[in-house]
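So this block is model.txt, compact mmCIF, C-alpha atoms:
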```
# COMPACT_ATOMS: atom_id res chain seq x y z
CA MET G 2 0.00 0.00 0.00
CA SER G 3 1.37 3.43 -0.94
CA ALA G 4 2.33 6.10 1.56
CA VAL G 5 -0.43 8.34 0.16
CA LEU G 6 -3.10 5.78 1.03
CA THR G 7 -1.80 5.18 4.54
CA ARG G 8 -1.09 8.82 5.38
CA PRO G 9 -3.33 10.20 8.17
CA LEU G 10 -5.72 13.00 7.32
CA LEU G 11 -4.23 15.12 10.12
CA SER G 12 -0.80 14.71 11.68
CA VAL G 13 0.57 16.70 14.60
CA GLU G 14 4.30 16.10 14.81
CA ASN G 15 6.47 17.10 17.80
CA LEU G 16 4.43 20.26 18.28
CA ALA G 17 5.46 22.84 20.88
CA VAL G 18 3.55 26.04 21.67
CA HIS G 19 5.00 28.71 23.97
CA ILE G 20 3.56 32.01 25.20
CA ARG G 21 5.68 34.66 26.90
CA THR G 22 3.90 36.04 29.97
CA ASP G 23 4.71 38.39 32.85
CA GLY G 24 5.35 35.27 34.95
CA GLY G 25 7.83 33.79 32.49
CA LEU G 26 7.69 31.56 29.44
CA ALA G 27 4.57 29.36 29.43
CA ARG G 28 5.25 26.03 27.71
CA ILE G 29 1.65 25.15 26.87
CA LEU G 30 2.45 22.23 24.56
CA ASP G 31 5.68 20.27 24.45
CA ASP G 32 6.56 17.69 21.79
CA VAL G 33 2.95 16.64 21.10
CA THR G 34 2.54 13.98 18.42
CA LEU G 35 -0.79 12.46 17.36
CA ALA G 36 -2.74 11.60 14.22
CA VAL G 37 -6.32 11.44 12.99
CA PRO G 38 -6.84 8.81 10.27
CA LYS G 39 -9.10 9.35 7.29
CA GLY G 40 -12.60 8.37 8.34
CA GLY G 41 -11.46 7.85 11.95
CA SER G 42 -11.98 9.67 15.23
CA LEU G 43 -9.52 10.70 17.93
CA GLY G 44 -10.43 11.97 21.38
CA VAL G 45 -8.02 14.12 23.37
CA VAL G 46 -8.71 13.89 27.11
CA GLY G 47 -7.19 15.48 30.20
CA GLU G 48 -7.80 17.87 33.07
CA SER G 49 -8.32 21.59 32.59
CA GLY G 50 -4.99 23.32 31.98
CA CYS G 51 -3.39 20.41 30.10
CA GLY G 52 -3.30 22.22 26.75
CA LYS G 53 -6.27 20.65 24.94
CA SER G 54 -7.80 23.87 23.63
CA THR G 55 -4.39 25.27 22.68
CA LEU G 56 -3.81 22.15 20.60
CA LEU G 57 -7.03 22.82 18.68
CA ARG G 58 -6.13 26.49 18.24
CA ALA G 59 -2.76 25.51 16.77
CA ILE G 60 -4.46 23.16 14.32
CA LEU G 61 -7.01 25.80 13.30
CA GLY G 62 -4.42 28.56 13.04
CA ILE G 63 -6.04 30.75 15.70
CA LEU G 64 -3.38 30.82 18.40
CA PRO G 65 -3.52 33.95 20.58
CA ARG G 66 -1.24 36.88 19.89
CA GLY G 67 2.19 36.32 21.39
CA ALA G 68 2.08 32.54 20.98
CA THR G 69 5.05 30.98 19.20
CA VAL G 70 5.66 27.53 17.73
CA PRO G 71 9.36 26.84 18.33
CA LYS G 72 9.17 23.40 16.75
CA GLY G 73 6.84 20.88 15.21
CA ALA G 74 4.45 20.61 12.29
CA VAL G 75 0.73 20.26 11.66
CA LEU G 76 0.02 18.44 8.40
CA PHE G 77 -3.48 18.33 6.93
CA GLU G 78 -3.80 16.06 3.90
CA GLY G 79 -0.01 16.18 3.73
CA GLU G 80 0.09 20.00 3.66
CA ASP G 81 1.82 22.06 6.36
CA ILE G 82 -0.90 24.37 7.69
CA LEU G 83 1.13 26.09 10.40
CA SER G 84 2.97 28.26 7.91
CA ASP G 85 -0.17 30.06 6.65
CA HIS G 86 -1.94 30.34 10.02
CA GLY G 87 -4.75 28.04 8.91
CA ALA G 88 -5.83 30.10 5.88
CA SER G 89 -5.65 27.09 3.57
CA VAL G 90 -8.02 24.98 5.67
CA ARG G 91 -10.91 27.43 6.01
CA GLY G 92 -13.95 25.35 5.13
CA ARG G 93 -11.92 22.14 4.89
CA ILE G 94 -11.93 21.76 8.69
CA GLY G 95 -15.23 22.30 10.51
CA PHE G 96 -15.14 23.61 14.09
CA ILE G 97 -17.70 23.04 16.86
CA PRO G 98 -16.93 25.45 19.73
CA GLN G 99 -17.42 24.80 23.41
CA ASP G 100 -20.13 27.23 24.46
CA PRO G 101 -23.36 27.38 22.42
CA TYR G 102 -24.43 30.52 24.30
CA LEU G 103 -21.39 32.63 23.35
CA SER G 104 -20.61 31.32 19.88
CA LEU G 105 -23.43 32.98 17.95
CA ASN G 106 -23.84 36.72 17.46
CA PRO G 107 -27.10 37.71 19.22
CA VAL G 108 -27.97 40.56 16.82
CA PHE G 109 -27.96 38.53 13.59
CA ARG G 110 -30.29 35.77 12.49
CA ALA G 111 -28.81 32.29 12.92
CA GLY G 112 -29.31 31.40 9.27
CA ASP G 113 -27.59 34.58 8.05
CA GLN G 114 -24.54 33.90 10.20
CA ILE G 115 -24.02 30.41 8.80
CA LEU G 116 -24.85 31.45 5.24
CA GLU G 117 -22.14 34.11 5.40
CA VAL G 118 -19.59 31.40 6.19
CA MET G 119 -20.92 29.26 3.34
CA ARG G 120 -20.66 32.14 0.88
CA ARG G 121 -16.98 32.49 1.70
CA HIS G 122 -15.92 28.86 1.95
CA ALA G 123 -18.58 26.37 0.79
CA PRO G 124 -18.48 24.84 -2.69
CA GLY G 125 -21.35 25.40 -5.12
CA ARG G 126 -23.56 28.32 -6.06
CA ARG G 127 -24.87 30.80 -3.52
CA ARG G 128 -28.45 30.16 -4.56
CA ASP G 129 -28.07 26.55 -3.41
CA HIS G 130 -26.64 27.39 0.02
CA LYS G 131 -29.96 28.19 1.70
CA GLU G 132 -31.51 24.92 0.52
CA LYS G 133 -28.45 23.00 1.67
CA LEU G 134 -28.55 24.70 5.08
CA VAL G 135 -32.20 23.78 5.58
CA GLU G 136 -31.26 20.17 4.85
CA LEU G 137 -28.48 20.38 7.44
CA PHE G 138 -30.90 21.81 10.01
CA ARG G 139 -33.14 18.84 9.29
CA ALA G 140 -30.19 16.45 9.63
CA VAL G 141 -29.29 17.83 13.08
CA GLN G 142 -32.96 17.47 14.04
CA LEU G 143 -33.82 21.13 14.57
CA PRO G 144 -37.58 21.72 14.79
CA ASP G 145 -38.99 23.66 11.81
CA PRO G 146 -35.75 23.66 9.78
CA GLY G 147 -37.02 26.22 7.28
CA GLY G 148 -38.26 28.63 9.92
CA ALA G 149 -35.05 28.31 11.93
CA LEU G 150 -33.19 30.32 9.28
CA ALA G 151 -34.99 33.52 10.29
CA LYS G 152 -34.73 33.09 14.07
CA TYR G 153 -32.26 34.84 16.36
CA PRO G 154 -29.99 32.85 18.69
CA HIS G 155 -32.02 33.74 21.81
CA GLN G 156 -35.02 31.97 20.28
CA PHE G 157 -33.24 28.60 20.53
CA SER G 158 -32.56 26.47 23.60
CA GLY G 159 -29.00 25.50 24.52
CA GLY G 160 -29.32 22.11 22.86
CA GLN G 161 -30.79 23.66 19.73
CA ARG G 162 -27.93 26.16 19.58
CA GLN G 163 -25.45 23.33 19.73
CA ARG G 164 -27.27 21.69 16.82
CA LEU G 165 -26.91 24.98 14.93
CA LEU G 166 -23.18 24.90 15.57
CA ILE G 167 -22.91 21.30 14.34
CA ALA G 168 -24.75 22.34 11.18
CA ALA G 169 -22.35 25.27 10.79
CA ALA G 170 -19.34 22.96 11.18
CA LEU G 171 -20.68 20.72 8.40
CA SER G 172 -21.92 23.50 6.12
CA CYS G 173 -18.76 23.82 4.00
CA GLU G 174 -18.41 20.06 3.45
CA PRO G 175 -15.22 19.58 5.51
CA SER G 176 -13.25 16.35 5.64
CA LEU G 177 -12.36 16.88 9.32
CA VAL G 178 -14.52 18.14 12.19
CA VAL G 179 -12.81 19.53 15.29
CA ALA G 180 -14.90 19.76 18.47
CA ASP G 181 -13.84 21.56 21.66
CA GLU G 182 -15.87 20.06 24.53
CA PRO G 183 -19.11 20.83 22.64
CA THR G 184 -21.49 19.38 25.24
CA THR G 185 -20.01 20.82 28.45
CA ALA G 186 -22.71 23.47 28.88
CA LEU G 187 -25.62 21.05 28.35
CA ASP G 188 -27.60 18.82 30.70
CA VAL G 189 -26.89 15.10 30.47
CA THR G 190 -30.06 14.22 28.52
CA THR G 191 -29.43 16.87 25.88
CA GLN G 192 -25.74 15.96 25.87
CA ARG G 193 -26.52 12.39 24.91
CA GLU G 194 -28.88 13.49 22.12
CA ILE G 195 -26.24 15.82 20.68
CA LEU G 196 -23.55 13.12 20.78
CA VAL G 197 -25.82 10.63 19.01
CA VAL G 198 -26.58 13.17 16.27
CA LEU G 199 -22.90 14.08 15.88
CA ARG G 200 -21.75 10.47 15.70
CA GLN G 201 -24.44 9.65 13.14
CA LEU G 202 -23.62 12.59 10.88
CA ILE G 203 -19.87 11.95 11.03
CA ALA G 204 -20.42 8.31 10.06
CA GLU G 205 -22.91 9.06 7.27
CA ARG G 206 -20.59 11.59 5.66
CA GLY G 207 -17.41 9.56 6.11
CA LEU G 208 -15.71 12.40 8.00
CA SER G 209 -12.85 12.37 10.47
CA LEU G 210 -13.30 13.74 13.99
CA LEU G 211 -10.95 15.30 16.53
CA PHE G 212 -12.85 15.61 19.81
CA VAL G 213 -11.50 17.35 22.91
CA THR G 214 -13.08 16.52 26.27
CA HIS G 215 -12.37 15.99 29.96
CA ASP G 216 -15.01 13.25 30.17
CA PHE G 217 -14.08 9.65 29.36
CA GLY G 218 -17.77 8.76 29.12
CA VAL G 219 -18.29 11.26 26.31
CA LEU G 220 -15.12 10.10 24.61
CA ALA G 221 -16.26 6.47 24.65
CA THR G 222 -19.44 7.48 22.83
CA VAL G 223 -17.86 9.14 19.81
CA CYS G 224 -14.16 8.22 19.43
CA ASP G 225 -12.26 5.17 18.15
CA GLN G 226 -8.86 6.34 19.44
CA VAL G 227 -7.76 8.36 22.45
CA ALA G 228 -4.77 10.49 23.41
CA VAL G 229 -4.36 11.31 27.11
CA LEU G 230 -2.79 14.74 27.51
CA TYR G 231 -1.13 15.93 30.72
CA SER G 232 0.53 19.32 31.21
CA GLY G 233 1.16 19.76 27.50
CA ARG G 234 2.54 16.27 26.83
CA VAL G 235 0.95 13.06 25.57
CA ALA G 236 0.93 10.43 28.32
CA GLU G 237 -0.82 7.58 26.51
CA THR G 238 -2.46 6.78 23.19
CA GLY G 239 -4.41 3.82 21.87
CA PRO G 240 -7.81 2.42 20.92
CA THR G 241 -10.48 3.91 23.16
CA ARG G 242 -11.83 0.64 24.49
CA ALA G 243 -8.36 -0.69 25.30
CA VAL G 244 -7.37 2.48 27.17
CA LEU G 245 -10.65 2.50 29.10
CA ASP G 246 -10.35 -1.18 30.05
CA THR G 247 -6.63 -1.30 30.84
CA PRO G 248 -5.02 2.15 31.12
CA LEU G 249 -1.23 1.89 31.22
CA HIS G 250 -0.10 5.32 32.41
CA PRO G 251 -0.65 6.12 36.12
CA TYR G 252 -2.30 9.40 35.14
CA ALA G 253 -4.75 7.67 32.82
CA ARG G 254 -5.62 5.16 35.56
CA MET G 255 -6.16 7.88 38.16
CA LEU G 256 -8.14 10.04 35.75
CA LEU G 257 -10.43 7.14 34.97
CA ALA G 258 -10.82 6.39 38.67
CA CYS G 259 -12.25 9.90 39.10
CA HIS G 260 -15.16 9.17 36.75
CA PRO G 261 -18.46 9.00 38.68
CA ASP G 262 -19.15 5.49 37.36
CA ARG G 263 -15.86 4.21 38.79
CA ALA G 264 -15.05 6.48 41.73
CA THR G 265 -14.98 4.87 45.17
CA ASP G 266 -14.25 8.12 47.06
CA LEU G 267 -14.21 11.88 46.50
CA LEU G 268 -10.46 12.40 46.80
CA GLY G 269 -9.69 12.58 43.08
CA ILE G 270 -6.05 13.03 42.06
CA PRO G 271 -3.91 14.70 44.76
CA GLY G 272 -2.36 18.00 43.75
CA THR G 273 -3.03 20.07 40.65
CA VAL G 274 -1.83 20.39 37.07
CA PRO G 275 1.39 22.48 37.23
CA ALA G 276 1.34 26.01 35.88
CA ALA G 277 2.67 26.26 32.35
CA THR G 278 5.35 28.68 33.61
CA ALA G 279 6.56 26.38 36.41
CA GLN G 280 6.51 22.81 35.15
CA PRO G 281 8.59 20.21 36.97
CA PRO G 282 11.56 18.54 35.26
CA GLY G 283 11.37 15.00 33.97
CA CYS G 284 7.90 13.49 33.84
CA ARG G 285 5.50 16.33 34.58
CA PHE G 286 3.15 13.99 36.45
CA HIS G 287 5.78 12.77 38.90
CA PRO G 288 4.83 15.18 41.79
CA ARG G 289 1.36 13.60 41.82
CA CYS G 290 2.26 10.03 40.88
CA PRO G 291 1.92 7.16 43.41
CA GLN G 292 4.34 4.98 41.35
CA LEU G 293 7.36 7.27 41.36
CA HIS G 294 10.37 5.85 39.54
CA SER G 295 13.92 7.01 40.33
CA GLY G 296 14.29 8.55 36.88
CA CYS G 297 10.89 10.28 36.81
CA PRO G 298 12.05 13.63 38.28
CA ILE G 299 15.07 13.69 35.98
CA GLU G 300 14.34 12.34 32.51
CA VAL G 301 11.46 13.00 30.13
CA PRO G 302 9.99 9.53 29.45
CA PRO G 303 9.79 8.62 25.75
CA MET G 304 6.67 7.19 24.17
CA LEU G 305 7.06 3.41 24.30
CA PRO G 306 5.17 1.05 21.95
CA ALA G 307 2.70 -1.03 23.95
CA GLY G 308 1.27 -3.30 21.27
CA GLU G 309 -2.04 -3.21 19.41
CA GLY G 310 -1.61 0.40 18.34
CA ARG G 311 -0.91 1.65 21.86
CA ALA G 312 1.91 3.76 23.30
CA VAL G 313 2.70 5.06 26.79
CA ALA G 314 5.21 7.52 28.25
CA CYS G 315 6.10 5.77 31.51
CA PRO G 316 9.27 3.94 32.64
CA TRP G 317 7.19 1.52 34.72
CA TYR G 318 5.74 0.08 31.55
CA GLU G 319 9.25 -0.43 30.12
CA GLU G 320 10.22 -2.47 33.19
CA ALA G 321 6.94 -4.36 33.52
CA PRO G 322 6.96 -8.00 32.37
CA ARG G 323 5.34 -8.57 28.95
CA GLY G 324 3.00 -11.29 28.01
```
Will you turn the file into structure tokens for me?
Amino acid sequence: MSAVLTRPLLSVENLAVHIRTDGGLARILDDVTLAVPKGGSLGVVGESGCGKSTLLRAILGILPRGATVPKGAVLFEGEDILSDHGASVRGRIGFIPQDPYLSLNPVFRAGDQILEVMRRHAPGRRRDHKEKLVELFRAVQLPDPGGALAKYPHQFSGGQRQRLLIAAALSCEPSLVVADEPTTALDVTTQREILVVLRQLIAERGLSLLFVTHDFGVLATVCDQVAVLYSGRVAETGPTRAVLDTPLHPYARMLLACHPDRATDLLGIPGTVPAATAQPPGCRFHPRCPQLHSGCPIEVPPMLPAGEGRAVACPWYEEAPRG
């Protein structure tokens, strides 16, 4: 099989993102490598402050002013998209933002806002865009799809607004959809409905999905693969079910143990994610880790192959017996 056929749709290679602040240099991301296959889905999971949203901003070319990328590459369909600040992927990557209440302009009709994006980036004739958008509103199960075009954002519930944002993400016929914790602001019933709709539309259209979340339960619903991110570094990667059943990195195990379905107490993980301006040497999780290895405070652990498409950055796995 040729390299073109096996090449991932999106590749993040050894990516680092730094921001200079009054408190010093913030190393938000450090040597992050991950991939989203064509037609596949990858979930990025971790606590708040681990760099998940910054990773998405780097991919979309919308890093904040003052952010620098000292090393690494982001390749989309084999094309380096860091060099043009994401201009070449407008419309080719759909984005579902986190907060449905803040992501739509309250003084413009919802339909007009999405149609403006389609006029700039969607293929086809302008006269067809409105008809296509009504079909998308129907696909995301908005009530009265035709009438929804003329409504203002405040006339929709939170769940309906999130459906609008999913429709907007799909409106330009992207090959990749990037979602930044899109169900955080919703109640659990609405959250499940939105995830079912999203999963169905992604599958029907043969799209790839990069989904950022702090919730393993959400991740298990929509993603085939998972990357566990801690303090700007990848701790573990692998098939979602395998990581959920047998997490290899101590952080992944402790993070899973905090899930309400698995938690046996309310202690959580001792300590906090280190500030990006004051990260510890070696493995950044070592101040909180119950399985401290002698080399953890000194050396950055490499990603070690763990079989069946898995990898883990932990010296304990290297010394553990195989088989």
Please report, as JSON lines, each residue of range 192-235 of chain G lying at most 9 Å from range 50-66 of chain G, together with the nearest pair of atoms and the separation in Å rounded to one decimal; use all atoms listed in the file, and order rows by chain and ascending residue number.
```
{"residue": "G:Leu211", "atom": "CA", "partner": "G:Leu57", "partner_atom": "CA", "distance": 8.7}
{"residue": "G:Val213", "atom": "CA", "partner": "G:Lys53", "partner_atom": "CA", "distance": 6.5}
{"residue": "G:Thr214", "atom": "CA", "partner": "G:Lys53", "partner_atom": "CA", "distance": 8.1}
{"residue": "G:Leu230", "atom": "CA", "partner": "G:Cys51", "partner_atom": "CA", "distance": 6.3}
{"residue": "G:Tyr231", "atom": "CA", "partner": "G:Cys51", "partner_atom": "CA", "distance": 5.1}
{"residue": "G:Ser232", "atom": "CA", "partner": "G:Cys51", "partner_atom": "CA", "distance": 4.2}
{"residue": "G:Gly233", "atom": "CA", "partner": "G:Gly52", "partner_atom": "CA", "distance": 5.1}
{"residue": "G:Arg234", "atom": "CA", "partner": "G:Cys51", "partner_atom": "CA", "distance": 7.9}
```
* Counting only C-alpha atoms, the residue of G:Lys133, G:Arg126, G:His287, G:Lys152 that sits nearest Cys315 in chain G -> G:His287
Who sits within 8 Å of Val70 in chain G, all atoms listed in the file, same chain under 5 positions skipped, as a CSV table (one decimal) with C-alpha atoms, in the frame of the given file:
```
chain,number,residue,atom,x,y,z
G,16,LEU,CA,4.4,20.3,18.3
G,17,ALA,CA,5.5,22.8,20.9
G,18,VAL,CA,3.6,26.0,21.7
G,19,HIS,CA,5.0,28.7,24.0
```
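The interatomic distance for the pair CA of Ser176 in chain G and CA of Gly207 in chain G works out to 8.0 Å.
Distances from G:Ser158, G:Asp266, G:Gly296, G:Ser49 to Cys284 in chain G were compared using all atoms listed in the file, and the smallest one belongs to G:Gly296.
Checking G:Val75, G:Leu199, G:Val33, G:Ile97 one by one against Leu166 in chain G, counting only C-alpha atoms, you find the shortest gap at G:Ile97.
Between CA of Ala307 in chain G and CA of Arg242 in chain G there is a distance of 14.6 Å.
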* Once you count only C-alpha atoms, which residues end up no further than 8 Å from (-7.4, 1.8, 23.3) in the file's frame, shown as a list of chain:residue names? ->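 Residues lying no farther than 8 Å from the given point: G:Asp225, G:Gln226, G:Val227, G:Thr238, G:Gly239, G:Pro240, G:Thr241, G:Arg242, G:Ala243, G:Val244, G:Leu245, G:Asp246, G:Gly310, G:Arg311.
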* Could you tell me which of G:Pro9, G:Gly92, G:Gly44, G:Pro291 comes closest to Arg120 in chain G if we count all atoms listed in the file? =>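 Once distances to Arg120 in chain G are computed over all atoms listed in the file, the minimum belongs to G:Gly92.
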* Quick one: residues within 6 Å of range 146-149 of chain G, all atoms listed in the file counted, chain neighbours fewer than 5 positions away excluded, as JSON, numbers by chain? -> {"G": [135, 138, 139]}
* **One-decimal distance in Å that lies between CA of Thr34 in chain G and CA of Ser12 in chain G** =>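 Going from CA of Ser12 in chain G over to CA of Thr34 in chain G covers 7.6 Å.
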* Asked: With only C-alpha atoms as the atoms that count, which of G:Ile29, G:Ala253, G:Ala276, G:Leu83 lies nearest to Glu237 in chain G?
  -> G:Ala253
* Asked: If we count all atoms listed in the file, what is near Ser172 in chain G at a cut-off of 8 Å, once residues fewer than 5 positions away on the same chain are taken out, given as a list in words?
  ->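 Skipping anything fewer than 5 positions along the chain leaves Ile115, Met119, Ala123, Lys133, Leu134 and Leu137 of chain G.
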